[in-house]
>>> print(open('run_23.cif').read())   # mmCIF, C-alpha atoms
data_input
loop_
_atom_site.label_atom_id
_atom_site.label_comp_id
_atom_site.auth_asym_id
_atom_site.auth_seq_id
_atom_site.Cartn_x
_atom_site.Cartn_y
_atom_site.Cartn_z
CA MET A 377 -26.94 -0.66 -15.81
CA THR A 378 -24.04 -3.12 -15.99
CA ALA A 379 -22.15 -3.62 -12.71
CA LEU A 380 -18.47 -2.72 -12.54
CA LEU A 381 -15.76 -4.50 -10.53
CA HIS A 382 -12.43 -2.75 -10.05
CA ILE A 383 -9.28 -4.84 -9.67
CA ALA A 384 -6.06 -3.22 -8.43
CA GLY A 385 -3.23 -5.26 -9.92
CA GLY A 386 -2.23 -6.80 -13.21
CA GLY A 387 -0.13 -9.82 -12.28
CA ARG A 388 -0.89 -13.53 -12.49
CA TRP A 389 -3.24 -13.64 -9.51
CA ALA A 390 -5.15 -10.50 -10.49
CA ARG A 391 -5.78 -12.10 -13.87
CA VAL A 392 -6.90 -15.37 -12.30
CA LEU A 393 -9.35 -13.48 -10.10
CA ALA A 394 -10.60 -11.52 -13.10
CA GLY A 395 -11.37 -14.80 -14.84
CA LEU A 396 -13.21 -16.12 -11.81
CA ALA A 397 -15.22 -12.91 -11.53
CA ALA A 398 -16.09 -13.14 -15.22
CA ASP A 399 -17.41 -16.67 -14.72
CA LEU A 400 -19.33 -15.93 -11.53
CA ARG A 401 -20.77 -12.59 -12.65
CA PRO A 402 -21.41 -12.78 -16.42
CA ALA A 403 -23.02 -9.33 -16.49
CA THR A 404 -20.19 -7.55 -14.69
CA ARG A 405 -17.59 -5.36 -16.39
CA LEU A 406 -14.02 -5.66 -15.09
CA ARG A 407 -11.61 -2.74 -14.88
CA LEU A 408 -7.97 -3.61 -14.12
CA HIS A 409 -5.78 -0.87 -12.66
CA SER A 410 -2.09 -1.56 -13.27
CA PRO A 411 -0.60 1.13 -15.52
CA GLY A 412 2.86 -0.42 -15.40
CA ALA A 413 1.53 -3.63 -16.94
CA ALA A 414 -0.96 -2.04 -19.34
CA ALA A 415 0.67 -3.38 -22.50
CA ASP A 416 0.84 -6.96 -21.17
CA LEU A 417 -2.72 -6.70 -19.91
CA GLU A 418 -3.98 -5.62 -23.34
CA ALA A 419 -2.46 -8.73 -24.89
CA TRP A 420 -3.92 -10.89 -22.11
CA ARG A 421 -7.36 -9.27 -22.50
CA ALA A 422 -7.42 -9.90 -26.24
CA ALA A 423 -6.85 -13.62 -25.64
CA GLN A 424 -9.68 -14.05 -23.11
CA PRO A 425 -13.18 -15.22 -24.07
CA PHE A 426 -14.52 -12.53 -21.72
CA GLY A 427 -12.10 -9.90 -23.04
CA ALA A 428 -14.87 -7.64 -24.35
CA ARG A 429 -15.96 -7.05 -20.75
CA VAL A 430 -12.45 -6.07 -19.56
CA GLU A 431 -11.15 -2.52 -19.45
CA ILE A 432 -7.50 -1.68 -18.85
CA ALA A 433 -7.06 1.58 -16.93
CA ALA A 434 -4.21 3.75 -18.18
CA GLN A 435 -4.01 5.64 -14.87
CA PRO A 436 -3.65 4.50 -11.24
CA LEU A 437 -6.90 3.88 -9.39
CA ASP A 438 -8.46 7.12 -8.13
CA PRO A 439 -11.89 6.58 -6.53
CA ALA A 440 -12.58 10.31 -6.82
CA THR A 441 -12.61 10.09 -10.63
CA GLU A 442 -13.83 6.51 -11.15
CA PRO A 443 -17.40 5.22 -11.18
CA ALA A 444 -18.14 3.58 -7.84
CA GLY A 445 -17.90 -0.17 -7.56
CA PRO A 446 -16.44 -2.88 -5.36
CA LEU A 447 -12.65 -3.16 -5.40
CA LEU A 448 -10.56 -6.29 -5.32
CA VAL A 449 -6.95 -5.52 -4.31
CA ALA A 450 -4.53 -8.06 -5.78
CA ASN A 451 -1.35 -6.06 -6.32
CA ARG A 452 1.90 -6.20 -4.31
CA ALA A 453 1.41 -6.38 -0.55
CA ALA A 454 3.38 -3.14 -0.19
CA ASP A 455 0.75 -1.42 -2.37
CA HIS A 456 -2.34 -2.76 -0.58
CA LEU A 457 -2.70 0.25 1.71
CA GLY A 458 -2.39 2.78 -1.12
CA ALA A 459 -5.08 1.04 -3.17
CA ALA A 460 -7.53 0.17 -0.40
CA LEU A 461 -7.46 3.28 1.80
CA PRO A 462 -8.83 5.82 -0.75
CA ALA A 463 -11.51 3.36 -1.84
CA LEU A 464 -12.66 2.85 1.75
CA ALA A 465 -12.74 6.60 2.27
CA ALA A 466 -14.95 6.87 -0.82
CA GLY A 467 -17.39 4.34 0.65
CA TRP A 468 -16.45 1.41 -1.58
CA SER A 469 -16.51 -2.24 -0.52
CA VAL A 470 -12.94 -3.58 -0.63
CA LEU A 471 -11.64 -7.16 -0.63
CA VAL A 472 -7.87 -7.42 -0.12
CA GLU A 473 -5.77 -10.47 -0.92
CA LYS A 474 -3.66 -11.74 1.95
CA PRO A 475 -1.71 -10.37 3.66
CA LEU A 476 -4.01 -7.44 4.37
CA ALA A 477 -0.87 -5.29 4.69
CA PRO A 478 2.77 -6.12 5.51
CA ARG A 479 2.96 -3.85 8.59
CA ALA A 480 0.74 -3.74 11.67
CA ALA A 481 0.41 0.06 11.47
CA GLU A 482 -0.95 -0.23 7.93
CA VAL A 483 -3.45 -2.87 9.01
CA GLU A 484 -4.62 -0.57 11.81
CA ARG A 485 -5.14 2.27 9.32
CA LEU A 486 -7.27 0.07 7.10
CA LEU A 487 -9.34 -1.20 10.02
CA ALA A 488 -9.87 2.34 11.28
CA ALA A 489 -10.99 3.52 7.84
CA ALA A 490 -13.45 0.65 7.57
CA ALA A 491 -14.79 1.31 11.09
CA ALA A 492 -15.36 4.97 10.21
CA GLY A 493 -17.59 3.83 7.32
CA PRO A 494 -19.38 3.70 5.05
CA GLY A 495 -16.89 1.53 3.15
CA ARG A 496 -16.56 -2.17 4.01
CA LEU A 497 -13.31 -4.12 4.26
CA ALA A 498 -12.58 -7.85 4.11
CA ALA A 499 -9.42 -9.94 3.74
CA SER A 500 -9.48 -12.89 1.36
CA GLN A 501 -9.45 -16.20 3.25
CA VAL A 502 -10.01 -18.78 0.54
CA PHE A 503 -9.45 -21.79 2.80
CA LEU A 504 -12.52 -20.91 4.84
CA PHE A 505 -14.50 -21.93 1.75
CA ASN A 506 -12.34 -24.76 0.37
CA ALA A 507 -14.18 -28.01 -0.38
CA GLY A 508 -11.29 -30.19 0.80
CA VAL A 509 -11.01 -28.35 4.12
CA GLU A 510 -14.79 -28.56 4.51
CA ALA A 511 -14.68 -32.34 4.00
CA LEU A 512 -11.90 -32.65 6.59
CA ALA A 513 -13.89 -30.56 9.08
CA LEU A 514 -16.96 -32.77 8.63
CA ALA A 515 -14.86 -35.92 9.11
CA LEU A 516 -13.36 -34.52 12.31
CA CYS A 517 -16.82 -33.67 13.62
CA ALA A 518 -17.67 -37.39 13.45
CA ALA A 519 -14.45 -38.39 15.23
CA PRO A 520 -13.40 -38.03 18.89
CA PRO A 521 -12.57 -34.43 19.94
CA LEU A 522 -9.46 -33.02 18.30
CA GLU A 523 -6.59 -32.69 20.79
CA SER A 524 -3.74 -31.70 18.48
CA ALA A 525 -3.02 -31.15 14.81
CA GLU A 526 0.06 -30.94 12.62
CA LEU A 527 -0.25 -29.05 9.35
CA ALA A 528 2.43 -29.40 6.65
CA TRP A 529 2.34 -26.60 4.09
CA GLU A 530 4.49 -27.40 1.04
CA ASP A 531 5.19 -24.76 -1.60
CA PRO A 532 7.90 -25.42 -4.20
CA ALA A 533 10.27 -22.59 -5.11
CA GLY A 534 8.86 -22.47 -8.63
CA GLU A 535 5.70 -23.89 -10.14
CA GLN A 536 3.02 -23.39 -12.75
CA ARG A 537 -0.38 -22.34 -11.41
CA HIS A 538 -3.42 -21.38 -13.49
CA GLY A 539 -1.33 -21.51 -16.66
CA ALA A 540 1.42 -19.15 -15.50
CA ALA A 541 4.57 -19.29 -13.40
CA LYS A 542 3.97 -18.35 -9.78
CA ARG A 543 6.30 -15.65 -8.51
CA TYR A 544 6.78 -14.89 -4.84
CA ASP A 545 6.91 -11.35 -3.50
CA PRO A 546 10.35 -11.09 -1.82
CA ALA A 547 9.05 -8.24 0.35
CA VAL A 548 6.55 -10.56 2.09
CA PRO A 549 8.10 -12.70 4.87
CA VAL A 550 7.15 -16.37 4.85
CA LEU A 551 5.21 -15.86 8.10
CA LEU A 552 2.86 -13.30 6.52
CA ASP A 553 2.56 -15.40 3.37
CA VAL A 554 1.61 -18.68 5.04
CA LEU A 555 -0.01 -17.76 8.37
CA PRO A 556 -3.34 -16.50 6.93
CA HIS A 557 -3.86 -19.80 5.10
CA ALA A 558 -2.78 -21.94 8.05
CA ALA A 559 -5.00 -19.97 10.44
CA ALA A 560 -8.01 -20.29 8.12
CA ILE A 561 -7.57 -24.06 7.82
CA LEU A 562 -7.11 -24.57 11.57
CA ARG A 563 -10.05 -22.29 12.36
CA ARG A 564 -12.32 -24.28 10.05
CA VAL A 565 -11.34 -27.78 11.20
CA SER A 566 -11.17 -27.00 14.93
CA GLY A 567 -14.05 -24.54 15.25
CA GLN A 568 -11.78 -22.32 17.36
CA GLU A 569 -9.74 -19.19 16.78
CA PRO A 570 -6.07 -20.28 16.57
CA VAL A 571 -3.59 -18.40 18.77
CA LEU A 572 0.05 -18.22 17.67
CA GLN A 573 2.36 -19.11 20.55
CA ASP A 574 5.71 -19.34 18.80
CA ALA A 575 7.31 -19.35 15.36
CA GLY A 576 10.61 -21.01 14.49
CA PHE A 577 12.53 -20.55 11.26
CA ALA A 578 15.13 -22.68 9.50
CA ARG A 579 16.93 -22.86 6.14
CA GLY A 580 17.32 -19.09 5.99
CA GLY A 581 13.62 -18.53 6.59
CA ARG A 582 12.46 -20.95 3.90
CA ARG A 583 11.08 -23.33 6.53
CA MET A 584 8.79 -22.24 9.34
CA THR A 585 7.26 -24.04 12.31
CA LEU A 586 4.25 -22.53 14.10
CA ASP A 587 3.07 -23.50 17.57
#
>>> encode(input="run_23.cif", output="structure tokens")
Amino acid sequence: MTALLHIAGGGRWARVLAGLAADLRPATRLRLHSPGAAADLEAWRAAQPFGARVEIAAQPLDPATEPAGPLLVANRAADHLGAALPALAAGWSVLVEKPLAPRAAEVERLLAAAAAGPGRLAASQVFLFNAGVEALALALCAAPPLESAELAWEDPAGEQRHGAAKRYDPAVPVLLDVLPHAAAILRRVSGQEPVLQDAGFARGGRRMTLD
């Protein structure tokens, strides 16, 4: 029986992840759940070499009526809870793109649902597995002990990534957008869990300094 991967979302990043999944798991079918973008997704699917393995769901994701399978949540951060919570309750394994949720109370609900089982929950932390960060960590291991580090994270206001224009979710504050990546990098290169002491903002929130 062919495996099935559900993806909640139909934007640029959901499509990038679908392509990666198609490359990594050639025998897996992909089902994208984004009714509002169904027409655009059909055109995108037809242009993909793996398009025959992609299904576009006409209805929102409902684990009660869908065949079980792991779920990758890559829709708007405000919709992460609504997509992940029912899947966890149904016992699915769920991977959520950062941020896990935009509000602490929503994060707590997801963690509680995962703890109740049998579903499993993880947040995507791509920089824990980045080859460049890994090389930096190995270089630091051969150097004297790390006493301090300064990390400059530069994101232009508009850019092309993976063949499409990157759009930023205005509902996600810059702290929630950047902190997961910065924490993953610092955790990998230092071997310690970073602790946020202070955050300063400038240029109307477009620039952030973390201590």
>>> atom_distance(input="run_23.cif", atom1="CA of Glu431 (chain A)", atom2="CA of Leu406 (chain A)")
6.1 Å
>>> resolve_selection(input="run_23.cif", expression="the PyMOL selection byres ((chain A and resi 568-571) around 12)", output="PyMOL selection string")
chain A and resi 513+522+524-525+555-567+572-575+586-587
>>> closest_residue(input="run_23.cif", among="A:Pro462, A:Gly427, A:Gly508, A:Gly467", to="Gly493 (chain A)", atoms="all atoms listed in the file")
A:Gly467
>>> resolve_selection(input="run_23.cif", expression="the PyMOL selection byres ((chain A and resi 413-415) around 10)", output="list of chain:residue names")
A:Gly385, A:Gly386, A:Gly387, A:Leu408, A:His409, A:Ser410, A:Pro411, A:Gly412, A:Asp416, A:Leu417, A:Glu418, A:Ala419, A:Trp420, A:Arg421, A:Ile432, A:Ala433, A:Ala434, A:Gln435
>>> atom_distance(input="run_23.cif", atom1="CA of Asn506 (chain A)", atom2="CA of Leu486 (chain A)")
26.2 Å
>>> atom_distance(input="run_23.cif", atom1="CA of Gly534 (chain A)", atom2="CA of Arg452 (chain A)")
18.2 Å
>>> decode(input="run_23.cif", residues="region 438-562 of chain A", atoms="C-alpha atoms", output="PDB file, in the first residue's frame")
ATOM      1  CA  ASP A 438     -10.661  16.515   8.642  1.00  0.00           C
ATOM      2  CA  PRO A 439      -8.762  13.580  10.187  1.00  0.00           C
ATOM      3  CA  ALA A 440     -12.074  11.889  10.969  1.00  0.00           C
ATOM      4  CA  THR A 441     -12.811  11.441   7.257  1.00  0.00           C
ATOM      5  CA  GLU A 442      -9.281  11.178   5.830  1.00  0.00           C
ATOM      6  CA  PRO A 443      -7.054   8.111   5.608  1.00  0.00           C
ATOM      7  CA  ALA A 444      -4.494   8.258   8.405  1.00  0.00           C
ATOM      8  CA  GLY A 445      -1.029   9.528   7.623  1.00  0.00           C
ATOM      9  CA  PRO A 446       1.590  11.930   8.917  1.00  0.00           C
ATOM     10  CA  LEU A 447       0.733  15.615   8.625  1.00  0.00           C
ATOM     11  CA  LEU A 448       3.035  18.464   7.734  1.00  0.00           C
ATOM     12  CA  VAL A 449       1.523  21.832   8.749  1.00  0.00           C
ATOM     13  CA  ALA A 450       2.785  24.650   6.520  1.00  0.00           C
ATOM     14  CA  ASN A 451      -0.129  27.079   6.408  1.00  0.00           C
ATOM     15  CA  ARG A 452      -0.441  30.473   8.138  1.00  0.00           C
ATOM     16  CA  ALA A 453       0.804  30.513  11.724  1.00  0.00           C
ATOM     17  CA  ALA A 454      -2.663  31.569  12.866  1.00  0.00           C
ATOM     18  CA  ASP A 455      -4.034  28.327  11.380  1.00  0.00           C
ATOM     19  CA  HIS A 456      -1.443  25.957  12.868  1.00  0.00           C
ATOM     20  CA  LEU A 457      -3.544  25.086  15.915  1.00  0.00           C
ATOM     21  CA  GLY A 458      -6.675  24.351  13.881  1.00  0.00           C
ATOM     22  CA  ALA A 459      -4.798  21.998  11.563  1.00  0.00           C
ATOM     23  CA  ALA A 460      -2.582  20.235  14.095  1.00  0.00           C
ATOM     24  CA  LEU A 461      -4.919  19.738  17.061  1.00  0.00           C
ATOM     25  CA  PRO A 462      -7.506  17.432  15.386  1.00  0.00           C
ATOM     26  CA  ALA A 463      -4.719  15.401  13.784  1.00  0.00           C
ATOM     27  CA  LEU A 464      -3.012  14.889  17.149  1.00  0.00           C
ATOM     28  CA  ALA A 465      -6.324  13.867  18.686  1.00  0.00           C
ATOM     29  CA  ALA A 466      -6.696  11.297  15.894  1.00  0.00           C
ATOM     30  CA  GLY A 467      -3.283   9.827  16.725  1.00  0.00           C
ATOM     31  CA  TRP A 468      -1.411  11.235  13.731  1.00  0.00           C
ATOM     32  CA  SER A 469       2.237  12.298  13.748  1.00  0.00           C
ATOM     33  CA  VAL A 470       2.400  16.047  13.099  1.00  0.00           C
ATOM     34  CA  LEU A 471       5.330  18.250  12.048  1.00  0.00           C
ATOM     35  CA  VAL A 472       4.593  21.986  12.292  1.00  0.00           C
ATOM     36  CA  GLU A 473       6.595  24.714  10.582  1.00  0.00           C
ATOM     37  CA  LYS A 474       7.865  27.433  12.885  1.00  0.00           C
ATOM     38  CA  PRO A 475       6.461  29.138  14.816  1.00  0.00           C
ATOM     39  CA  LEU A 476       4.608  26.242  16.411  1.00  0.00           C
ATOM     40  CA  ALA A 477       1.785  28.705  17.160  1.00  0.00           C
ATOM     41  CA  PRO A 478       1.690  32.502  17.550  1.00  0.00           C
ATOM     42  CA  ARG A 479       0.316  32.453  21.121  1.00  0.00           C
ATOM     43  CA  ALA A 480       1.627  30.692  24.213  1.00  0.00           C
ATOM     44  CA  ALA A 481      -1.831  29.330  25.085  1.00  0.00           C
ATOM     45  CA  GLU A 482      -2.049  27.663  21.670  1.00  0.00           C
ATOM     46  CA  VAL A 483       1.386  26.122  22.099  1.00  0.00           C
ATOM     47  CA  GLU A 484       0.314  24.732  25.473  1.00  0.00           C
ATOM     48  CA  ARG A 485      -2.785  23.163  23.901  1.00  0.00           C
ATOM     49  CA  LEU A 486      -0.686  21.448  21.257  1.00  0.00           C
ATOM     50  CA  LEU A 487       1.826  20.173  23.810  1.00  0.00           C
ATOM     51  CA  ALA A 488      -0.977  18.873  26.021  1.00  0.00           C
ATOM     52  CA  ALA A 489      -2.597  17.055  23.093  1.00  0.00           C
ATOM     53  CA  ALA A 490       0.706  15.443  22.168  1.00  0.00           C
ATOM     54  CA  ALA A 491       1.366  14.424  25.788  1.00  0.00           C
ATOM     55  CA  ALA A 492      -2.059  12.790  25.977  1.00  0.00           C
ATOM     56  CA  GLY A 493      -1.085  10.607  23.001  1.00  0.00           C
ATOM     57  CA  PRO A 494      -1.007   8.644  20.865  1.00  0.00           C
ATOM     58  CA  GLY A 495      -0.213  11.377  18.328  1.00  0.00           C
ATOM     59  CA  ARG A 496       3.322  12.789  18.116  1.00  0.00           C
ATOM     60  CA  LEU A 497       4.236  16.453  17.658  1.00  0.00           C
ATOM     61  CA  ALA A 498       7.428  18.137  16.452  1.00  0.00           C
ATOM     62  CA  ALA A 499       8.339  21.663  15.375  1.00  0.00           C
ATOM     63  CA  SER A 500      10.481  22.112  12.279  1.00  0.00           C
ATOM     64  CA  GLN A 501      13.997  23.258  13.183  1.00  0.00           C
ATOM     65  CA  VAL A 502      15.867  23.081   9.889  1.00  0.00           C
ATOM     66  CA  PHE A 503      19.048  24.711  11.201  1.00  0.00           C
ATOM     67  CA  LEU A 504      19.640  21.798  13.555  1.00  0.00           C
ATOM     68  CA  PHE A 505      20.386  19.795  10.395  1.00  0.00           C
ATOM     69  CA  ASN A 506      22.021  22.449   8.184  1.00  0.00           C
ATOM     70  CA  ALA A 507      25.368  21.470   6.659  1.00  0.00           C
ATOM     71  CA  GLY A 508      26.830  24.963   7.059  1.00  0.00           C
ATOM     72  CA  VAL A 509      25.892  25.149  10.739  1.00  0.00           C
ATOM     73  CA  GLU A 510      27.279  21.644  11.229  1.00  0.00           C
ATOM     74  CA  ALA A 511      30.613  22.699   9.692  1.00  0.00           C
ATOM     75  CA  LEU A 512      30.732  25.757  11.961  1.00  0.00           C
ATOM     76  CA  ALA A 513      30.008  23.609  15.021  1.00  0.00           C
ATOM     77  CA  LEU A 514      32.834  21.219  14.124  1.00  0.00           C
ATOM     78  CA  ALA A 515      35.249  24.131  13.618  1.00  0.00           C
ATOM     79  CA  LEU A 516      34.318  25.587  17.009  1.00  0.00           C
ATOM     80  CA  CYS A 517      34.876  22.209  18.663  1.00  0.00           C
ATOM     81  CA  ALA A 518      38.517  22.378  17.511  1.00  0.00           C
ATOM     82  CA  ALA A 519      38.948  25.945  18.794  1.00  0.00           C
ATOM     83  CA  PRO A 520      39.216  27.310  22.354  1.00  0.00           C
ATOM     84  CA  PRO A 521      35.922  27.268  24.322  1.00  0.00           C
ATOM     85  CA  LEU A 522      33.297  29.653  22.983  1.00  0.00           C
ATOM     86  CA  GLU A 523      32.774  32.614  25.331  1.00  0.00           C
ATOM     87  CA  SER A 524      30.449  34.780  23.251  1.00  0.00           C
ATOM     88  CA  ALA A 525      28.813  34.858  19.846  1.00  0.00           C
ATOM     89  CA  GLU A 526      27.165  37.470  17.659  1.00  0.00           C
ATOM     90  CA  LEU A 527      24.693  36.265  15.048  1.00  0.00           C
ATOM     91  CA  ALA A 528      23.561  38.584  12.239  1.00  0.00           C
ATOM     92  CA  TRP A 529      20.356  37.421  10.556  1.00  0.00           C
ATOM     93  CA  GLU A 530      19.706  39.316   7.306  1.00  0.00           C
ATOM     94  CA  ASP A 531      16.398  38.941   5.466  1.00  0.00           C
ATOM     95  CA  PRO A 532      15.566  41.386   2.654  1.00  0.00           C
ATOM     96  CA  ALA A 533      12.031  42.769   2.456  1.00  0.00           C
ATOM     97  CA  GLY A 534      11.449  40.958  -0.821  1.00  0.00           C
ATOM     98  CA  GLU A 535      13.303  38.134  -2.515  1.00  0.00           C
ATOM     99  CA  GLN A 536      12.973  35.108  -4.756  1.00  0.00           C
ATOM    100  CA  ARG A 537      13.333  31.743  -3.022  1.00  0.00           C
ATOM    101  CA  HIS A 538      12.825  28.329  -4.605  1.00  0.00           C
ATOM    102  CA  GLY A 539      11.530  29.962  -7.786  1.00  0.00           C
ATOM    103  CA  ALA A 540       8.840  32.104  -6.148  1.00  0.00           C
ATOM    104  CA  ALA A 541       8.575  35.413  -4.330  1.00  0.00           C
ATOM    105  CA  LYS A 542       8.785  35.035  -0.565  1.00  0.00           C
ATOM    106  CA  ARG A 543       5.936  36.694   1.296  1.00  0.00           C
ATOM    107  CA  TYR A 544       6.010  37.400   5.005  1.00  0.00           C
ATOM    108  CA  ASP A 545       3.043  36.738   7.259  1.00  0.00           C
ATOM    109  CA  PRO A 546       2.218  40.164   8.777  1.00  0.00           C
ATOM    110  CA  ALA A 547       0.519  38.427  11.715  1.00  0.00           C
ATOM    111  CA  VAL A 548       3.820  36.877  12.858  1.00  0.00           C
ATOM    112  CA  PRO A 549       6.043  39.278  14.861  1.00  0.00           C
ATOM    113  CA  VAL A 550       9.699  39.356  13.879  1.00  0.00           C
ATOM    114  CA  LEU A 551      10.617  37.775  17.233  1.00  0.00           C
ATOM    115  CA  LEU A 552       8.544  34.648  16.528  1.00  0.00           C
ATOM    116  CA  ASP A 553       9.780  34.536  12.942  1.00  0.00           C
ATOM    117  CA  VAL A 554      13.504  34.717  13.690  1.00  0.00           C
ATOM    118  CA  LEU A 555      13.962  33.338  17.214  1.00  0.00           C
ATOM    119  CA  PRO A 556      13.410  29.639  16.342  1.00  0.00           C
ATOM    120  CA  HIS A 557      16.144  29.799  13.692  1.00  0.00           C
ATOM    121  CA  ALA A 558      18.553  31.771  15.890  1.00  0.00           C
ATOM    122  CA  ALA A 559      17.981  29.420  18.826  1.00  0.00           C
ATOM    123  CA  ALA A 560      18.576  26.341  16.654  1.00  0.00           C
ATOM    124  CA  ILE A 561      21.853  27.741  15.311  1.00  0.00           C
ATOM    125  CA  LEU A 562      23.126  28.785  18.743  1.00  0.00           C
TER     126      LEU A 562
END
